[in-house]
Amino acid sequence: MRILSIALLAAIFAPVDGFTAEPKNIEKSSYGETPDGEEVDLYTLTNAKGMKVKIITYGGIITELWTPDRDGKLADVVLGHDNLKSYLDGHPYFGAIVGRVANRVARGKFTLDGKEYTLLQNNGPNALHGGKKGFDKVVWKATVGEGKKPSLTLKYESKDGEEGYPGKLDVQVVYTLNENQLSVNYSATTNKATPVNLTQHSYFNLAGHNAGEIRDHQLQIFASKYTPTDETLIPTGNIDSVKGTPYDFMEPQVIGKRFGDLKGEPVGYDTNYVLRESKNKEPQLAAKVVEPTSGRVMEVYTTEPGIQFYTGNFLNGKDKGKGGVVYKQYAGFCLEAQHFPDSVNQKGFPSVILKPGETYTQMTIYSFTTK
Ligand code: GLA
């Protein structure tokens with residue numbers, strides 16, 4: 001009888017998901033509604049070490065990413081907003097999944113299988129980051145995986161002809177928090193040949209999103225070549241050595257040190273680095289960033305052939321972010337693992353064309369340690 005009542009009490013007071021005393025490592029809450037009445041949710045993934053990432057189903061945006069400094073003190077190291085309205089009002093791709101084709105397509109045109117396609121010219125004469133309503137502005141369907149490594153799977157079906165691209169594209173992005181690493185696993189299939197180039201557009205400031213400029217961060221990019229561009233940031237088609245140029249990050253360099261040697265306006269880096277000639281099966285170390293005051297270190301591993309290094313040159317203080325913080329020029333940097341810009345028009349670059357029957361994959365890992 002006594003045993004029975006203890007069992008009964010245990011059953012009554014047990015959490016609904018079982019007898020586990022472990023805290024939940026993934027939680028869901030409502031983040032509001034889009035003007036079309038689509039519900040947006042916020043997912044919080046945490047690990048035992050206190051690392052925490054918040055992701056919304058609108059744009060697959062990472063809204064917060066908390067990592068410890070050398071003394072174990074947590075800070076939110078990504079730029080972003082603190083409500084859906086601010087994201088809907090427009091922002092420079094803070095934390096978003098970008099596609100169908102990230103980066104620039106020259107003059108918003110490309111030809112595939114003899115047919116010319118026209119995209120919206122939303123960046124001077126060029127098309128940028130998927131168009132008017134790219135993957136950063138759609139609501140993704142979410143499912144969660146719990147267990148030791150919390151993960152969030154986001155799915156989106158991009159219609160045939162959406163933003164001018166051919167074919168229905170089924171896209172999946174899986175965010176996984178694994179110890180000190182956040183991994184982003186992309187896959188996609190199509191029913192017609194189409195260009196696909198997906199990336200994650202987080203702006204990082206390893207001293208904290210509200211800490212001011214990222215100029216003093218130290219950066220290493222494991223690439224001996226880059227793709228020089230014209231003044232509209234379209235590659236010339238050349239693949240040049242970084243040697244003897246301000247683009248050389250083969251050895252660790254202070255990010256802002258050579259700003260004065262860079263050409264183009266606004267001043268700063270907005271450059272694609274050539275990591276390898278084609279996609280790699282396994283992610284490999286592409287870049288390492290050290291923030292000296294906090295001791296935070298971020299490494300980026302990717303399967304992609306390129307990585308766009310961007311220093312927030314276009315930030316101009318008009319973006320009021322989390323907690324009312326004004327994000328000025330150089331408030332964050334991006335390391336966008338992807339294929340090269342304008343690949344769809346550049347014969348010498350690795351192809352971005354996905355065909356029916358094939359599966360697009362890409363995996364990028366952001367790893368956080370301290371020193
Ligand atoms: C990318 C581009 C930049 C800029 C930002 C968004 O990183 O390379 O030129 O367009 O996105 O502002």
# chains A, B, ... in the order shown; residues from 1 in each chain; ligands from 1
>>> residues_near_ligand(ligand="ligand 1", cutoff="8 Å", atoms="only C-alpha atoms and all ligand atoms", output="PyMOL selection string")
chain A and resi 92-93+103-104+123+128-129+201+233+270-271+308-310+312-315+334+336
>>> write_last_selection(atoms="N, CA, C and O atoms", output="tab-separated table (two decimals), in the first residue's frame")
chain	number	residue	atom	x	y	z
A	92	PRO	N	19.45	44.51	-41.82
A	92	PRO	CA	20.45	43.99	-42.78
A	92	PRO	C	20.79	42.51	-42.58
A	92	PRO	O	21.94	42.16	-42.38
A	93	TYR	N	19.76	41.66	-42.63
A	93	TYR	CA	19.94	40.19	-42.58
A	93	TYR	C	20.54	39.72	-41.25
A	93	TYR	O	21.20	38.68	-41.20
A	103	ASN	N	24.32	36.22	-51.48
A	103	ASN	CA	25.29	37.10	-52.13
A	103	ASN	C	24.76	37.63	-53.47
A	103	ASN	O	23.57	37.50	-53.76
A	104	ARG	N	25.63	38.16	-54.30
A	104	ARG	CA	25.17	38.93	-55.46
A	104	ARG	C	25.12	38.13	-56.75
A	104	ARG	O	25.95	37.27	-57.01
A	123	ASN	N	20.02	45.58	-55.11
A	123	ASN	CA	21.27	46.07	-54.54
A	123	ASN	C	22.03	46.78	-55.66
A	123	ASN	O	22.81	46.16	-56.36
A	128	LEU	N	20.60	40.69	-54.65
A	128	LEU	CA	21.31	40.32	-53.42
A	128	LEU	C	20.44	39.43	-52.53
A	128	LEU	O	19.26	39.73	-52.30
A	129	HIS	N	21.05	38.35	-52.02
A	129	HIS	CA	20.49	37.57	-50.91
A	129	HIS	C	19.05	37.07	-51.11
A	129	HIS	O	18.24	37.10	-50.17
A	201	HIS	N	23.66	34.43	-41.78
A	201	HIS	CA	24.14	35.81	-41.84
A	201	HIS	C	24.27	36.46	-40.46
A	201	HIS	O	24.00	37.66	-40.30
A	233	LEU	N	30.66	45.17	-56.17
A	233	LEU	CA	30.97	43.93	-55.43
A	233	LEU	C	30.67	42.65	-56.21
A	233	LEU	O	30.47	41.59	-55.64
A	270	ASP	N	34.43	43.29	-47.33
A	270	ASP	CA	33.19	42.69	-47.84
A	270	ASP	C	33.66	41.77	-48.97
A	270	ASP	O	33.46	42.04	-50.14
A	271	THR	N	34.34	40.71	-48.58
A	271	THR	CA	35.21	39.97	-49.49
A	271	THR	C	34.99	38.47	-49.40
A	271	THR	O	34.90	37.92	-48.29
A	308	GLN	N	32.41	34.62	-47.06
A	308	GLN	CA	32.35	36.08	-47.22
A	308	GLN	C	32.64	36.71	-45.87
A	308	GLN	O	31.94	36.45	-44.89
A	309	PHE	N	33.68	37.51	-45.83
A	309	PHE	CA	34.02	38.24	-44.60
A	309	PHE	C	33.52	39.66	-44.76
A	309	PHE	O	33.91	40.37	-45.70
A	310	TYR	N	32.63	40.07	-43.87
A	310	TYR	CA	31.98	41.38	-43.97
A	310	TYR	C	32.08	42.07	-42.61
A	310	TYR	O	31.79	41.45	-41.59
A	312	GLY	N	30.42	44.80	-41.46
A	312	GLY	CA	29.31	45.68	-41.09
A	312	GLY	C	29.51	47.10	-41.60
A	312	GLY	O	29.09	48.07	-40.98
A	313	ASN	N	30.14	47.20	-42.80
A	313	ASN	CA	30.44	48.52	-43.38
A	313	ASN	C	29.20	49.35	-43.63
A	313	ASN	O	29.25	50.57	-43.60
A	314	PHE	N	28.08	48.66	-43.94
A	314	PHE	CA	26.85	49.39	-44.28
A	314	PHE	C	26.01	49.74	-43.05
A	314	PHE	O	24.99	50.39	-43.18
A	315	LEU	N	26.41	49.26	-41.88
A	315	LEU	CA	25.67	49.65	-40.67
A	315	LEU	C	25.91	51.14	-40.46
A	315	LEU	O	27.04	51.61	-40.60
A	334	CYS	N	30.55	39.52	-40.08
A	334	CYS	CA	29.93	38.27	-40.55
A	334	CYS	C	30.99	37.40	-41.19
A	334	CYS	O	31.91	37.91	-41.85
A	336	GLU	N	30.29	34.49	-43.62
A	336	GLU	CA	29.20	33.78	-44.29
A	336	GLU	C	29.78	32.68	-45.17
A	336	GLU	O	30.31	32.97	-46.24
>>> closest_atom_pairs(of="range 149-256 of chain A", to="range 36-56 of chain A", cutoff="7 Å", atoms="only C-alpha atoms", output="CSV")
residue,atom,partner,partner_atom,distance
A:Pro150,CA,A:Leu45,CA,6.1
A:Leu177,CA,A:Leu45,CA,6.9
A:Glu179,CA,A:Asn47,CA,6.4
>>> select_by_dssp(residues="range 16-224 of chain A", states="helix (DSSP H, G or I)", output="number ranges by chain")
A: 84-88, 106-108, 135-137, 162-164
>>> write_last_selection(atoms="C-alpha atoms", output="mmCIF file, in the first residue's frame")
data_model
loop_
_atom_site.group_PDB
_atom_site.id
_atom_site.type_symbol
_atom_site.label_atom_id
_atom_site.label_comp_id
_atom_site.auth_asym_id
_atom_site.auth_seq_id
_atom_site.Cartn_x
_atom_site.Cartn_y
_atom_site.Cartn_z
ATOM 1 C CA LEU A 84 9.188 40.589 -34.402
ATOM 2 C CA LYS A 85 8.033 44.065 -35.452
ATOM 3 C CA SER A 86 11.618 45.325 -35.613
ATOM 4 C CA TYR A 87 12.618 42.371 -37.808
ATOM 5 C CA LEU A 88 9.557 42.933 -40.031
ATOM 6 C CA ALA A 106 25.247 40.439 -61.508
ATOM 7 C CA ARG A 107 22.488 42.633 -62.971
ATOM 8 C CA GLY A 108 19.939 40.179 -61.543
ATOM 9 C CA PHE A 135 14.480 32.859 -47.085
ATOM 10 C CA ASP A 136 15.317 35.453 -44.417
ATOM 11 C CA LYS A 137 11.737 36.805 -44.599
ATOM 12 C CA GLU A 162 9.501 32.227 -56.396
ATOM 13 C CA GLU A 163 11.638 35.393 -56.624
ATOM 14 C CA GLY A 164 12.306 34.437 -60.252
#
>>> residues_around(residues="Pro68 in chain A", least_positions_apart="4", cutoff="12 Å", atoms="only C-alpha atoms", output="PyMOL selection string")
chain A and resi 47+49-52+72-77+180+206-208+294-298+368-371
>>> residues_around(residues="Gln338 in chain A", least_positions_apart="4", cutoff="9 Å", atoms="only C-alpha atoms", output="PyMOL selection string")
chain A and resi 102-103+197-200+272+302-308+362
>>> closest_residue(among="A:Lys148, A:His209, A:Lys24, A:Lys225", to="Leu275 in chain A", atoms="only C-alpha atoms")
A:Lys225
>>> select_by_dssp(residues="range 226-359 of chain A", states="strand (DSSP E or B)", output="PyMOL selection string")
chain A and resi 226+229+235+240-241+253-254+270-274+284-290+296-302+306-310+319-320+326-327+333-338+353-354
>>> atom_distance(atom1="CA of Gln172 in chain A", atom2="CA of Gln346 in chain A")
26.6 Å
>>> closest_residue(among="A:Gly145, A:Gly114, A:Gly59, A:Pro283", to="Thr176 in chain A", atoms="only C-alpha atoms")
A:Gly145
>>> decode(residues="range 57-102 of chain A", atoms="C-alpha atoms", output="short mmCIF file (atom, residue, chain, number, x, y, z; two decimals), in the first residue's frame")
data_model
loop_
_atom_site.label_atom_id
_atom_site.label_comp_id
_atom_site.auth_asym_id
_atom_site.auth_seq_id
_atom_site.Cartn_x
_atom_site.Cartn_y
_atom_site.Cartn_z
CA THR A 57 10.90 30.60 -37.20
CA TYR A 58 10.77 33.91 -39.14
CA GLY A 59 13.84 33.80 -41.37
CA GLY A 60 15.39 31.09 -39.20
CA ILE A 61 16.96 34.06 -37.42
CA ILE A 62 19.39 33.56 -34.54
CA THR A 63 18.22 36.37 -32.26
CA GLU A 64 20.55 35.66 -29.33
CA LEU A 65 23.66 33.56 -28.77
CA TRP A 66 25.09 33.49 -25.24
CA THR A 67 28.62 32.20 -24.72
CA PRO A 68 30.99 32.38 -21.71
CA ASP A 69 34.10 34.55 -21.52
CA ARG A 70 37.36 33.40 -19.92
CA ASP A 71 35.80 33.91 -16.44
CA GLY A 72 32.62 32.07 -17.33
CA LYS A 73 30.58 35.26 -17.69
CA LEU A 74 27.95 34.95 -20.41
CA ALA A 75 27.35 37.57 -23.11
CA ASP A 76 25.05 37.69 -26.11
CA VAL A 77 27.50 37.81 -29.03
CA VAL A 78 25.17 38.38 -32.01
CA LEU A 79 23.49 41.56 -33.24
CA GLY A 80 19.71 41.52 -33.56
CA HIS A 81 16.36 42.84 -32.47
CA ASP A 82 14.19 41.99 -29.50
CA ASN A 83 10.79 41.79 -31.17
CA LEU A 84 9.19 40.59 -34.40
CA LYS A 85 8.03 44.07 -35.45
CA SER A 86 11.62 45.33 -35.61
CA TYR A 87 12.62 42.37 -37.81
CA LEU A 88 9.56 42.93 -40.03
CA ASP A 89 10.37 46.65 -40.35
CA GLY A 90 13.59 45.69 -42.14
CA HIS A 91 17.15 44.95 -41.09
CA PRO A 92 20.45 43.99 -42.78
CA TYR A 93 19.94 40.19 -42.58
CA PHE A 94 20.80 40.03 -38.84
CA GLY A 95 21.22 36.32 -37.93
CA ALA A 96 19.12 35.09 -40.86
CA ILE A 97 19.21 32.11 -43.18
CA VAL A 98 19.86 33.56 -46.62
CA GLY A 99 18.74 32.03 -49.93
CA ARG A 100 17.73 30.79 -52.48
CA VAL A 101 20.96 32.40 -53.67
CA ALA A 102 23.02 34.23 -51.07
#
